[in-house]
>>> print(open('start-v8.cif').read())   # mmCIF, C-alpha atoms
data_query
#
loop_
_atom_site.label_atom_id
_atom_site.label_comp_id
_atom_site.auth_asym_id
_atom_site.auth_seq_id
_atom_site.Cartn_x
_atom_site.Cartn_y
_atom_site.Cartn_z
CA MET A 1 19.70 -65.15 25.55
CA ALA A 2 16.89 -63.77 23.47
CA VAL A 3 14.41 -65.76 21.45
CA THR A 4 13.15 -64.76 18.01
CA VAL A 5 9.44 -64.56 17.23
CA VAL A 6 8.46 -64.55 13.56
CA LEU A 7 5.00 -63.34 12.53
CA PRO A 8 3.03 -64.00 9.34
CA ARG A 9 2.43 -61.08 6.99
CA LEU A 10 -1.03 -60.15 8.24
CA LEU A 11 0.14 -59.91 11.85
CA ALA A 12 3.34 -58.11 10.85
CA ASP A 13 1.16 -55.48 9.13
CA GLN A 14 -0.72 -55.07 12.40
CA ALA A 15 2.58 -54.69 14.26
CA GLY A 16 3.56 -51.65 12.22
CA GLY A 17 5.30 -53.72 9.58
CA GLN A 18 7.68 -55.54 11.97
CA LYS A 19 7.87 -59.22 11.13
CA GLN A 20 10.49 -60.36 13.63
CA PHE A 21 10.91 -59.68 17.35
CA GLU A 22 13.88 -60.45 19.63
CA LEU A 23 12.65 -60.98 23.19
CA GLU A 24 14.19 -61.98 26.56
CA VAL A 25 11.37 -64.08 27.99
CA PRO A 26 11.14 -67.28 30.05
CA THR A 27 8.20 -69.02 28.32
CA VAL A 28 6.37 -69.26 25.02
CA GLY A 29 3.33 -67.59 26.55
CA ALA A 30 5.41 -64.69 27.80
CA ALA A 31 6.85 -64.24 24.33
CA LEU A 32 3.43 -64.09 22.70
CA ARG A 33 2.04 -61.77 25.37
CA ALA A 34 4.92 -59.35 24.87
CA LEU A 35 3.99 -58.77 21.25
CA PRO A 36 2.06 -55.72 20.05
CA VAL A 37 -0.45 -58.10 18.45
CA ARG A 38 -1.22 -59.90 21.69
CA ASP A 39 -4.92 -59.09 21.37
CA LEU A 40 -5.03 -60.84 17.99
CA LEU A 41 -3.38 -63.99 19.33
CA PHE A 42 -5.44 -64.21 22.53
CA ASP A 43 -9.20 -63.76 22.87
CA GLU A 44 -10.95 -61.54 25.39
CA ARG A 45 -10.74 -64.31 28.02
CA ASP A 46 -6.98 -64.50 27.44
CA GLU A 47 -7.14 -67.89 25.69
CA LEU A 48 -4.92 -68.52 22.68
CA ARG A 49 -7.24 -68.36 19.68
CA PRO A 50 -7.93 -71.86 18.39
CA LEU A 51 -6.74 -71.24 14.83
CA VAL A 52 -3.44 -69.71 15.91
CA ASN A 53 -0.66 -72.29 15.70
CA VAL A 54 2.69 -71.71 17.41
CA TYR A 55 5.86 -73.64 16.66
CA VAL A 56 9.12 -73.61 18.62
CA GLU A 57 12.04 -74.88 16.60
CA GLY A 58 9.51 -76.49 14.26
CA ALA A 59 7.51 -78.29 16.96
CA ASP A 60 3.86 -77.46 17.74
CA ILE A 61 3.70 -76.08 21.27
CA ARG A 62 0.62 -78.19 21.95
CA GLU A 63 2.99 -81.15 21.95
CA ARG A 64 5.73 -79.33 23.89
CA GLY A 65 4.11 -78.07 27.06
CA GLY A 66 1.89 -75.37 25.60
CA LEU A 67 2.23 -71.73 26.57
CA GLU A 68 4.03 -72.59 29.78
CA ALA A 69 6.85 -74.33 27.93
CA GLU A 70 10.15 -72.87 29.11
CA LEU A 71 12.63 -71.36 26.71
CA GLU A 72 16.38 -71.72 26.95
CA GLY A 73 17.16 -68.79 24.66
CA GLY A 74 18.09 -68.81 21.04
CA GLU A 75 14.92 -70.55 19.88
CA THR A 76 12.84 -69.37 16.95
CA ILE A 77 9.09 -69.19 17.60
CA ARG A 78 6.89 -69.06 14.55
CA VAL A 79 3.25 -67.97 14.64
CA VAL A 80 1.26 -69.59 11.83
CA ALA A 81 -2.43 -69.22 11.03
CA ALA A 82 -4.19 -72.55 10.69
CA ILE A 83 -4.77 -73.61 7.11
CA ALA A 84 -8.50 -73.21 6.80
CA GLY A 85 -11.12 -71.04 5.18
CA GLY A 86 -11.24 -69.57 1.70
CA MET B 87 -12.71 -32.45 -2.42
CA GLY B 88 -13.93 -35.50 -4.29
CA LEU B 89 -16.06 -38.45 -3.39
CA ALA B 90 -14.89 -41.94 -2.62
CA ILE B 91 -16.70 -45.20 -2.13
CA LEU B 92 -15.40 -47.23 0.79
CA VAL B 93 -15.91 -50.81 -0.32
CA GLY B 94 -15.54 -53.39 2.43
CA THR B 95 -14.77 -56.82 1.05
CA ARG B 96 -13.82 -60.25 2.31
CA LYS B 97 -10.23 -59.44 1.37
CA GLY B 98 -9.70 -55.91 2.54
CA LEU B 99 -10.94 -52.34 2.11
CA PHE B 100 -10.99 -50.86 -1.38
CA VAL B 101 -11.25 -47.13 -1.97
CA LEU B 102 -12.87 -46.09 -5.26
CA ARG B 103 -12.21 -42.47 -6.10
CA GLY B 104 -14.64 -40.72 -8.42
CA ASP B 105 -14.68 -37.76 -10.76
CA GLU B 106 -17.02 -34.82 -10.23
CA GLU B 107 -19.77 -36.38 -12.32
CA ARG B 108 -19.51 -39.65 -10.36
CA ARG B 109 -19.25 -41.51 -13.67
CA SER B 110 -15.60 -42.51 -13.70
CA TRP B 111 -13.98 -44.32 -10.77
CA THR B 112 -10.46 -45.55 -10.05
CA VAL B 113 -9.73 -48.47 -7.78
CA ASP B 114 -6.83 -48.16 -5.34
CA ASP B 115 -4.93 -51.15 -3.97
CA PRO B 116 -6.66 -52.66 -0.94
CA LEU B 117 -6.10 -51.49 2.61
CA LEU B 118 -6.05 -54.00 5.49
CA ALA B 119 -5.58 -56.79 2.96
CA GLY B 120 -6.69 -60.12 4.34
CA TRP B 121 -9.35 -58.73 6.69
CA ASP B 122 -13.11 -59.10 6.30
CA ILE B 123 -14.24 -55.48 6.23
CA PHE B 124 -17.80 -55.55 7.53
CA HIS B 125 -18.13 -51.76 7.48
CA ALA B 126 -16.00 -48.67 6.94
CA ILE B 127 -16.74 -44.98 7.39
CA ARG B 128 -14.85 -41.73 7.21
CA HIS B 129 -15.64 -39.38 10.08
CA ASP B 130 -13.89 -36.15 11.05
CA GLY B 131 -11.11 -37.05 8.64
CA ASP B 132 -10.42 -40.47 10.13
CA LEU B 133 -11.24 -43.89 8.72
CA TYR B 134 -12.99 -46.31 11.07
CA VAL B 135 -13.29 -49.92 10.04
CA ALA B 136 -15.07 -52.93 11.54
CA ALA B 137 -12.50 -55.55 10.51
CA ASN B 138 -12.81 -59.24 11.30
CA ASN B 139 -10.56 -62.20 10.66
CA PHE B 140 -11.45 -65.85 11.11
CA VAL B 141 -8.14 -66.51 12.85
CA TYR B 142 -7.45 -63.27 14.71
CA GLY B 143 -10.94 -62.22 15.76
CA ALA B 144 -13.03 -59.04 15.79
CA THR B 145 -11.46 -55.59 15.71
CA VAL B 146 -12.11 -51.93 15.09
CA GLN B 147 -9.28 -50.09 13.41
CA ARG B 148 -8.74 -46.37 12.86
CA SER B 149 -6.51 -44.57 10.40
CA SER B 150 -5.85 -40.85 10.53
CA ASP B 151 -3.70 -40.87 7.37
CA LEU B 152 -6.12 -42.31 4.80
CA GLY B 153 -5.10 -45.88 5.40
CA LYS B 154 -1.30 -45.66 5.46
CA THR B 155 -1.17 -46.67 9.11
CA TRP B 156 -3.78 -48.16 11.42
CA GLU B 157 -4.43 -48.36 15.16
CA ARG B 158 -6.52 -51.15 16.63
CA SER B 159 -8.94 -50.41 19.43
CA GLU B 160 -7.82 -51.75 22.79
CA GLY B 161 -9.72 -54.01 25.11
CA LEU B 162 -12.68 -54.69 22.87
CA ALA B 163 -14.48 -57.19 25.09
CA LEU B 164 -17.80 -58.04 26.68
CA PRO B 165 -18.22 -58.22 30.46
CA GLU B 166 -17.08 -61.55 31.84
CA ASP B 167 -20.25 -61.94 33.90
CA SER B 168 -22.36 -61.67 30.74
CA GLU B 169 -21.01 -65.06 29.62
CA LEU B 170 -20.96 -63.56 26.11
CA THR B 171 -17.90 -63.16 23.95
CA LEU B 172 -17.55 -60.83 21.02
CA GLU B 173 -17.99 -62.70 17.76
CA LYS B 174 -17.85 -59.97 15.13
CA THR B 175 -17.77 -56.22 14.73
CA TRP B 176 -20.45 -55.06 12.31
CA HIS B 177 -21.12 -51.35 12.10
CA VAL B 178 -19.54 -48.07 13.23
CA GLU B 179 -21.80 -45.02 13.55
CA PRO B 180 -20.90 -41.48 14.64
CA GLY B 181 -23.05 -40.13 17.47
CA ARG B 182 -23.29 -36.72 19.06
CA ASN B 183 -20.49 -34.72 20.68
CA GLY B 184 -17.70 -36.98 19.54
CA THR B 185 -19.28 -40.24 20.66
CA LEU B 186 -18.87 -43.24 18.38
CA TRP B 187 -21.10 -46.32 18.45
CA LEU B 188 -20.18 -49.82 17.42
CA GLY B 189 -22.56 -52.68 16.73
CA GLY B 190 -21.47 -56.28 16.89
CA ALA B 191 -22.47 -59.87 17.42
CA PRO B 192 -24.00 -61.35 19.53
CA GLY B 193 -26.51 -58.46 19.59
CA VAL B 194 -24.19 -56.00 21.35
CA LEU B 195 -23.43 -52.30 21.26
CA PHE B 196 -20.34 -50.37 22.38
CA ARG B 197 -19.65 -46.66 22.81
CA SER B 198 -16.38 -44.80 22.53
CA GLU B 199 -15.55 -41.32 23.77
CA ASP B 200 -11.93 -41.33 22.61
CA LYS B 201 -12.15 -41.67 18.83
CA GLY B 202 -12.34 -45.42 18.96
CA ALA B 203 -9.20 -46.02 21.04
CA THR B 204 -11.30 -47.83 23.65
CA TRP B 205 -14.91 -49.02 23.73
CA ALA B 206 -17.32 -49.61 26.60
CA PRO B 207 -20.05 -52.22 26.16
CA VAL B 208 -23.61 -50.96 26.65
CA ARG B 209 -24.84 -53.04 29.58
CA SER B 210 -28.51 -52.22 29.14
CA LEU B 211 -28.59 -53.97 25.78
CA ILE B 212 -26.52 -56.93 26.96
CA GLU B 213 -28.89 -57.35 29.90
CA HIS B 214 -32.07 -56.51 28.00
CA PRO B 215 -34.99 -58.42 29.56
CA THR B 216 -36.07 -59.75 26.17
CA ARG B 217 -32.64 -61.10 25.16
CA GLU B 218 -33.59 -64.71 25.75
CA ARG B 219 -36.14 -64.33 22.95
CA TRP B 220 -33.55 -63.10 20.43
CA ASN B 221 -32.19 -65.50 17.84
CA PRO B 222 -29.36 -65.30 15.35
CA GLY B 223 -30.06 -64.93 11.65
CA ALA B 224 -27.89 -66.48 8.97
CA GLY B 225 -25.23 -63.80 9.56
CA GLY B 226 -25.18 -64.29 13.33
CA MET B 227 -27.04 -62.21 15.90
CA CYS B 228 -25.73 -58.92 14.70
CA THR B 229 -26.33 -55.33 15.72
CA HIS B 230 -26.08 -54.03 12.18
CA SER B 231 -27.98 -50.75 12.25
CA ILE B 232 -27.35 -47.82 14.57
CA GLN B 233 -29.27 -44.63 13.84
CA ILE B 234 -29.09 -41.29 15.62
CA ASP B 235 -32.17 -39.04 15.65
CA PRO B 236 -31.02 -35.73 14.16
CA GLU B 237 -33.61 -33.72 16.11
CA ARG B 238 -34.03 -35.39 19.50
CA GLU B 239 -30.75 -35.30 21.31
CA GLN B 240 -31.27 -38.42 23.41
CA THR B 241 -33.05 -40.58 20.83
CA MET B 242 -31.31 -43.33 18.90
CA TYR B 243 -32.10 -46.74 17.46
CA VAL B 244 -30.45 -50.09 17.00
CA ALA B 245 -31.63 -52.97 14.86
CA ILE B 246 -30.57 -56.52 15.57
CA SER B 247 -31.16 -59.62 13.51
CA ALA B 248 -33.20 -61.41 14.73
CA ALA B 249 -34.28 -59.38 17.70
CA GLY B 250 -35.89 -56.38 16.03
CA VAL B 251 -35.75 -52.61 16.36
CA PHE B 252 -35.06 -50.93 19.70
CA ARG B 253 -35.28 -47.23 20.52
CA SER B 254 -33.55 -45.38 23.30
CA ASP B 255 -34.80 -41.96 24.42
CA ASP B 256 -32.10 -41.49 27.02
CA GLY B 257 -28.92 -41.68 25.02
CA GLY B 258 -28.56 -45.45 25.18
CA GLU B 259 -29.30 -46.01 28.88
CA THR B 260 -32.52 -47.96 28.25
CA TRP B 261 -34.05 -49.59 25.18
CA ALA B 262 -37.66 -50.24 24.21
CA PRO B 263 -38.68 -52.67 21.44
CA LYS B 264 -40.30 -50.86 18.49
CA ASN B 265 -41.66 -53.67 16.38
CA LYS B 266 -45.42 -53.08 16.37
CA GLY B 267 -46.78 -54.11 13.01
CA THR B 268 -43.61 -55.80 11.79
CA ALA B 269 -44.07 -59.47 11.08
CA ALA B 270 -42.10 -62.53 12.03
CA ASP B 271 -43.78 -64.89 9.58
CA PHE B 272 -41.22 -67.55 10.49
CA MET B 273 -42.83 -67.75 13.95
CA PRO B 274 -46.26 -69.17 13.04
CA ASP B 275 -47.43 -69.34 16.67
CA ASP B 276 -46.95 -65.61 17.12
CA PRO B 277 -46.30 -63.77 13.85
CA PHE B 278 -46.32 -60.34 15.55
CA PRO B 279 -44.20 -60.79 18.68
CA GLU B 280 -42.81 -58.00 20.84
CA VAL B 281 -39.27 -58.96 19.78
CA GLY B 282 -37.62 -61.53 17.53
CA GLN B 283 -38.24 -59.82 14.20
CA CYS B 284 -35.58 -60.32 11.58
CA VAL B 285 -34.88 -56.72 10.60
CA HIS B 286 -32.22 -56.58 7.91
CA LYS B 287 -31.57 -52.82 7.75
CA LEU B 288 -32.99 -49.77 9.51
CA LEU B 289 -32.61 -46.14 8.40
CA VAL B 290 -33.90 -42.86 9.82
CA HIS B 291 -34.66 -40.19 7.26
CA PRO B 292 -32.18 -37.37 7.90
CA ALA B 293 -34.61 -34.57 6.99
CA LYS B 294 -37.74 -36.08 8.55
CA PRO B 295 -36.56 -38.05 11.56
CA GLU B 296 -39.98 -39.27 12.61
CA ARG B 297 -39.89 -41.34 9.40
CA LEU B 298 -38.08 -44.66 9.60
CA TRP B 299 -37.62 -47.25 6.90
CA GLN B 300 -36.70 -50.86 7.31
CA GLN B 301 -35.99 -53.75 5.02
CA ASN B 302 -37.01 -56.83 6.93
CA HIS B 303 -36.90 -60.57 6.35
CA CYS B 304 -40.69 -60.25 6.13
CA GLY B 305 -41.29 -57.17 4.03
CA VAL B 306 -40.40 -53.54 3.55
CA TYR B 307 -41.78 -51.17 6.20
CA ARG B 308 -42.18 -47.47 6.92
CA SER B 309 -42.92 -45.78 10.21
CA ASP B 310 -44.03 -42.15 10.53
CA ASP B 311 -43.92 -41.98 14.32
CA ARG B 312 -40.36 -42.94 15.26
CA GLY B 313 -41.07 -46.63 15.21
CA GLU B 314 -44.24 -46.70 17.33
CA ASN B 315 -46.16 -48.24 14.42
CA TRP B 316 -44.97 -49.81 11.19
CA GLU B 317 -46.78 -50.17 7.86
CA ARG B 318 -45.91 -53.10 5.63
CA LEU B 319 -45.48 -51.94 2.03
CA GLU B 320 -46.29 -54.75 -0.36
CA ASP B 321 -48.44 -55.76 -3.33
CA ASN B 322 -47.35 -52.48 -4.82
CA GLY B 323 -44.81 -53.25 -7.50
CA LEU B 324 -42.15 -55.14 -5.59
CA PRO B 325 -41.57 -58.70 -6.83
CA THR B 326 -41.02 -59.81 -3.21
CA GLY B 327 -40.70 -58.19 0.19
CA PHE B 328 -37.48 -60.03 1.03
CA GLY B 329 -34.20 -58.18 0.71
CA PHE B 330 -31.33 -56.85 2.73
CA PRO B 331 -30.24 -53.24 2.12
CA ILE B 332 -32.28 -50.06 1.77
CA ALA B 333 -31.19 -46.61 0.64
CA LEU B 334 -32.90 -43.24 0.98
CA HIS B 335 -32.78 -39.75 -0.53
CA PRO B 336 -31.03 -37.02 1.47
CA THR B 337 -33.90 -34.52 1.33
CA ASP B 338 -37.01 -36.27 -0.02
CA PRO B 339 -38.43 -38.56 2.68
CA ASP B 340 -40.78 -40.28 0.21
CA VAL B 341 -37.94 -41.80 -1.81
CA ALA B 342 -36.36 -45.18 -1.04
CA TYR B 343 -34.52 -47.90 -2.93
CA VAL B 344 -34.52 -51.66 -2.27
CA VAL B 345 -33.14 -54.77 -3.98
CA PRO B 346 -35.68 -57.61 -3.62
CA ASN B 347 -34.50 -61.19 -3.38
CA GLY B 348 -36.32 -64.24 -4.69
CA ASP B 349 -37.25 -65.32 -1.18
CA GLY B 350 -35.69 -66.19 2.13
CA GLU B 351 -34.74 -69.67 1.00
CA ASN B 352 -32.89 -68.56 -2.12
CA ARG B 353 -31.17 -65.31 -1.32
CA VAL B 354 -30.34 -63.98 -4.77
CA THR B 355 -31.93 -61.10 -6.64
CA ALA B 356 -35.48 -61.68 -7.80
CA ASP B 357 -36.52 -62.57 -11.35
CA GLY B 358 -32.99 -63.49 -12.46
CA ARG B 359 -31.90 -59.86 -12.73
CA LEU B 360 -30.19 -57.24 -10.63
CA GLY B 361 -33.25 -55.16 -9.89
CA VAL B 362 -33.25 -51.97 -7.88
CA TYR B 363 -36.77 -50.79 -7.07
CA LYS B 364 -37.48 -47.18 -6.26
CA THR B 365 -40.46 -45.52 -4.61
CA THR B 366 -41.21 -41.80 -4.80
CA ASP B 367 -44.44 -41.93 -2.81
CA GLY B 368 -43.40 -43.27 0.55
CA GLY B 369 -43.59 -46.90 -0.49
CA GLN B 370 -47.14 -46.88 -1.84
CA SER B 371 -45.74 -47.95 -5.21
CA TRP B 372 -42.37 -49.15 -6.48
CA LYS B 373 -40.86 -49.11 -9.95
CA LEU B 374 -37.88 -50.89 -11.41
CA ALA B 375 -34.96 -48.46 -11.65
CA SER B 376 -32.33 -50.68 -13.20
CA LYS B 377 -31.19 -49.05 -16.45
CA GLY B 378 -27.57 -50.09 -16.85
CA LEU B 379 -27.69 -52.94 -14.34
CA PRO B 380 -27.24 -56.54 -15.54
CA GLU B 381 -30.49 -57.87 -16.97
CA GLN B 382 -29.46 -61.46 -16.32
CA ALA B 383 -28.04 -61.85 -12.83
CA TRP B 384 -28.46 -63.85 -9.68
CA ALA B 385 -26.66 -61.38 -7.48
CA VAL B 386 -26.22 -61.39 -3.72
CA VAL B 387 -26.55 -57.93 -2.18
CA LEU B 388 -25.93 -57.84 1.56
CA ARG B 389 -27.42 -55.50 4.17
CA GLU B 390 -24.56 -52.97 4.13
CA ASN B 391 -24.30 -53.00 0.35
CA MET B 392 -26.24 -49.81 -0.46
CA ALA B 393 -25.46 -46.20 0.28
CA TYR B 394 -26.49 -42.77 -0.93
CA ASP B 395 -24.80 -39.38 -0.99
CA SER B 396 -26.10 -35.92 -0.19
CA LEU B 397 -25.39 -34.27 -3.55
CA ASP B 398 -28.04 -32.96 -5.95
CA PRO B 399 -28.98 -35.14 -7.75
CA SER B 400 -28.30 -37.76 -5.11
CA GLY B 401 -26.01 -40.66 -5.98
CA VAL B 402 -26.93 -44.22 -5.07
CA TYR B 403 -24.32 -46.93 -4.56
CA LEU B 404 -24.65 -50.70 -4.72
CA GLY B 405 -22.20 -53.56 -4.16
CA THR B 406 -22.55 -57.27 -4.88
CA GLN B 407 -21.00 -60.45 -3.59
CA SER B 408 -19.84 -60.96 -7.18
CA GLY B 409 -17.44 -58.06 -6.67
CA SER B 410 -19.14 -55.30 -8.66
CA VAL B 411 -19.85 -51.77 -7.51
CA PHE B 412 -22.62 -49.92 -9.32
CA VAL B 413 -23.24 -46.19 -9.07
CA SER B 414 -26.27 -44.22 -10.08
CA PRO B 415 -25.27 -40.55 -10.24
CA ASN B 416 -28.86 -39.47 -10.81
CA GLU B 417 -31.20 -41.06 -8.28
CA GLY B 418 -31.65 -44.39 -10.03
CA GLU B 419 -32.22 -43.11 -13.57
CA GLU B 420 -29.21 -45.06 -14.79
CA TRP B 421 -26.38 -47.11 -13.35
CA ILE B 422 -22.67 -47.31 -14.12
CA GLU B 423 -20.42 -50.17 -13.14
CA ALA B 424 -17.71 -48.40 -11.15
CA ALA B 425 -15.65 -51.53 -10.43
CA SER B 426 -15.81 -55.26 -11.07
CA GLN B 427 -13.86 -58.35 -10.08
CA LEU B 428 -13.38 -57.18 -6.51
CA PRO B 429 -13.57 -59.79 -3.76
CA PRO B 430 -17.07 -60.46 -2.36
CA ILE B 431 -18.41 -57.13 -1.13
CA LEU B 432 -19.67 -56.82 2.43
CA SER B 433 -20.33 -53.07 2.64
CA VAL B 434 -20.34 -49.80 0.73
CA GLU B 435 -20.27 -46.29 2.14
CA VAL B 436 -19.68 -42.97 0.47
CA ALA B 437 -17.15 -40.52 1.88
CA GLU B 438 -15.49 -37.23 1.10
CA TRP B 439 -11.92 -37.73 -0.08
CA GLN B 440 -9.17 -35.30 -0.97
#
>>> encode(input="start-v8.cif", output="structure tokens")
Amino acid sequence: MAVTVVLPRLLADQAGGQKQFELEVPTVGAALRALPVRDLLFDERDELRPLVNVYVEGADIRERGGLEAELEGGETIRVVAAIAGG
Amino acid sequence: MGLAILVGTRKGLFVLRGDEERRSWTVDDPLLAGWDIFHAIRHDGDLYVAANNFVYGATVQRSSDLGKTWERSEGLALPEDSELTLEKTWHVEPGRNGTLWLGGAPGVLFRSEDKGATWAPVRSLIEHPTRERWNPGAGGMCTHSIQIDPEREQTMYVAISAAGVFRSDDGGETWAPKNKGTAADFMPDDPFPEVGQCVHKLLVHPAKPERLWQQNHCGVYRSDDRGENWERLEDNGLPTGFGFPIALHPTDPDVAYVVPNGDGENRVTADGRLGVYKTTDGGQSWKLASKGLPEQAWAVVLRENMAYDSLDPSGVYLGTQSGSVFVSPNEGEEWIEAASQLPPILSVEVAEWQ
């Protein structure tokens, strides 16, 4: 079963205006890497950028196995920019 | 065909469209809202933007439909063995034969042969033997100026803060420091080093390419031999030598404009006013050319915040961190506020616009 990835406005703009993606993927990392904004989520050494927060069903992936966390299908993954800056 | 000012701000790219007299300007809604637009140009009909975001990193983006849709460059990265990572994109400059150049931090240069779809880092600058003597300025160690010699096919320049000016005579394969006579007063043990100068902006005169101008942390300079020697231009009407941008005249190589700051420790305009100073004699003397500019102001004018056009008379363009764009349609005789209350302005460029 597919998972749903929801992007914030700025990333949706960079994805041609698409805010939501339905993906058949086994892990959180695979979901993020399948997006057309992959290069904005990961740096040039393929590390998730430190101010990019990712939540699966409302839980921060840092507390749920990180990018390798497996997905069952049906989950909603939300990408949220860290609250910082001006 | 009209003129537009491409105004890069901390909250997107604003396009100001002007009338024929360059006295009345309309402000369109921002493009790439939410991005720090370090620099934007229009070249061969396309928009190219150095766009950065504190969460999502450094990008170059291109639009072929005047900003309706955008494509990000792919694979913008530094070689893994360099142990450097790209911090910011700073400046896009058209080269010869379709080549585009991109300057970034930390002190890096890229070239593109496919209209900015992909970029290759210039190894010779990454591996420059003097790199260990380069240091970042307050804005990071940025390659902010890229200038192409209009006469010599293989000659080009970059300026990096705080590394200095470098010239290549082989199309970017090798780079030689060109800092003789430019001071690094902040290095008291060696105030005239080979490299390490804090150049803030470098321009080549388009009609007299042996003449270079630079606004430096430590003075305003002119070179008449493609950077081999530099003359410091001071005690000649400028309140201070410290400033960031510099603008030229499209045909008269003796004309330049600068915006002096108080000093390096308080980087606002000098004398509590927004003062543009103009020289018409190659920098031997400077006069205030600020009719119409605020007489009481402590403005911040960054290195990319001046531009000039190639019309007759030439227009001069100025942006501030306070969100104002000023235009002089007549070579500094008077200034008009073209826009105000924009987000903090990082860059201005002038472009043709239909």
>>> closest_residue(input="start-v8.cif", among="B:Ala437, B:Leu288, B:Ala269, B:Ile431", to="B:Asp132", atoms="all atoms listed in the file")
B:Ala437
>>> resolve_selection(input="start-v8.cif", expression="the PyMOL selection byres ((chain A and resi 20-23) around 10)", output="list of chain:residue names")
A:Met1, A:Ala2, A:Val3, A:Thr4, A:Val5, A:Val6, A:Leu7, A:Pro8, A:Ala12, A:Ala15, A:Gly17, A:Gln18, A:Lys19, A:Glu24, A:Val25, A:Pro26, A:Ala30, A:Ala31, A:Leu32, A:Ala34, A:Leu35, A:Gly73, A:Gly74, A:Thr76, A:Ile77, A:Arg78
>>> interface_residues(input="start-v8.cif", of="chain B", to="chain A", cutoff="9 Å", atoms="all atoms listed in the file", output="ChimeraX atom specification")
/B:118-121,140-145,155-158,160-164,166,171-172
>>> residues_around(input="start-v8.cif", residues="B:Gln382", least_positions_apart="6", cutoff="12 Å", atoms="all atoms listed in the file", output="list in words")
Val354, Thr355, Ala356, Asp357, Gly358, Arg359, Leu360, Gly361 and Ser376 of chain B
>>> residues_around(input="start-v8.cif", residues="stretch 339-344 of chain B", least_positions_apart="5", cutoff="10 Å", atoms="all atoms listed in the file", output="PyMOL selection string")
chain B and resi 290-295+297-301+306+308+324+327-334+361-370+372-375+392-394+402+417-418
>>> resolve_selection(input="start-v8.cif", expression="the PyMOL selection byres ((chain A and resi 67-69) around 9)", output="list in words")
Pro26, Thr27, Val28, Gly29, Ala30, Leu32, Leu48, Ile61, Arg62, Arg64, Gly65, Gly66, Glu70 and Leu71 of chain A
>>> resolve_selection(input="start-v8.cif", expression="the PyMOL selection byres ((chain B and resi 315) around 10)", output="VMD selection string")
chain B and resid 264 to 268 307 to 314 316 to 317
>>> residues_around(input="start-v8.cif", residues="stretch 236-253 of chain B", least_positions_apart="5", cutoff="7 Å", atoms="all atoms listed in the file", output="list of chain:residue names")
B:Gly193, B:Trp220, B:Asn221, B:Pro222, B:Gly223, B:Met227, B:Cys228, B:Thr229, B:His230, B:Ser231, B:Trp261, B:Ala262, B:Pro263, B:Lys264, B:Asn265, B:Val281, B:Gly282, B:Gln283, B:Cys284, B:Val285, B:His286, B:Leu288, B:Pro292, B:Pro295
>>> decode(input="start-v8.cif", residues="stretch 16-32 of chain A", atoms="C-alpha atoms", output="compact mmCIF listing (two decimals), in the first residue's frame")
# COMPACT_ATOMS: atom_id res chain seq x y z
CA GLY A 16 6.08 22.04 -9.88
CA GLY A 17 3.30 22.94 -7.48
CA GLN A 18 2.62 19.37 -6.27
CA LYS A 19 2.17 19.28 -2.52
CA GLN A 20 1.32 15.63 -2.01
CA PHE A 21 2.90 12.44 -3.37
CA GLU A 22 1.61 8.84 -3.20
CA LEU A 23 4.55 6.43 -3.24
CA GLU A 24 5.07 2.64 -2.96
CA VAL A 25 8.31 2.55 -0.97
CA PRO A 26 9.73 0.38 1.82
CA THR A 27 11.38 3.04 4.01
CA VAL A 28 11.20 6.70 4.95
CA GLY A 29 14.52 7.33 3.23
CA ALA A 30 13.29 5.73 0.03
CA ALA A 31 10.22 7.94 0.12
CA LEU A 32 12.25 11.12 0.48
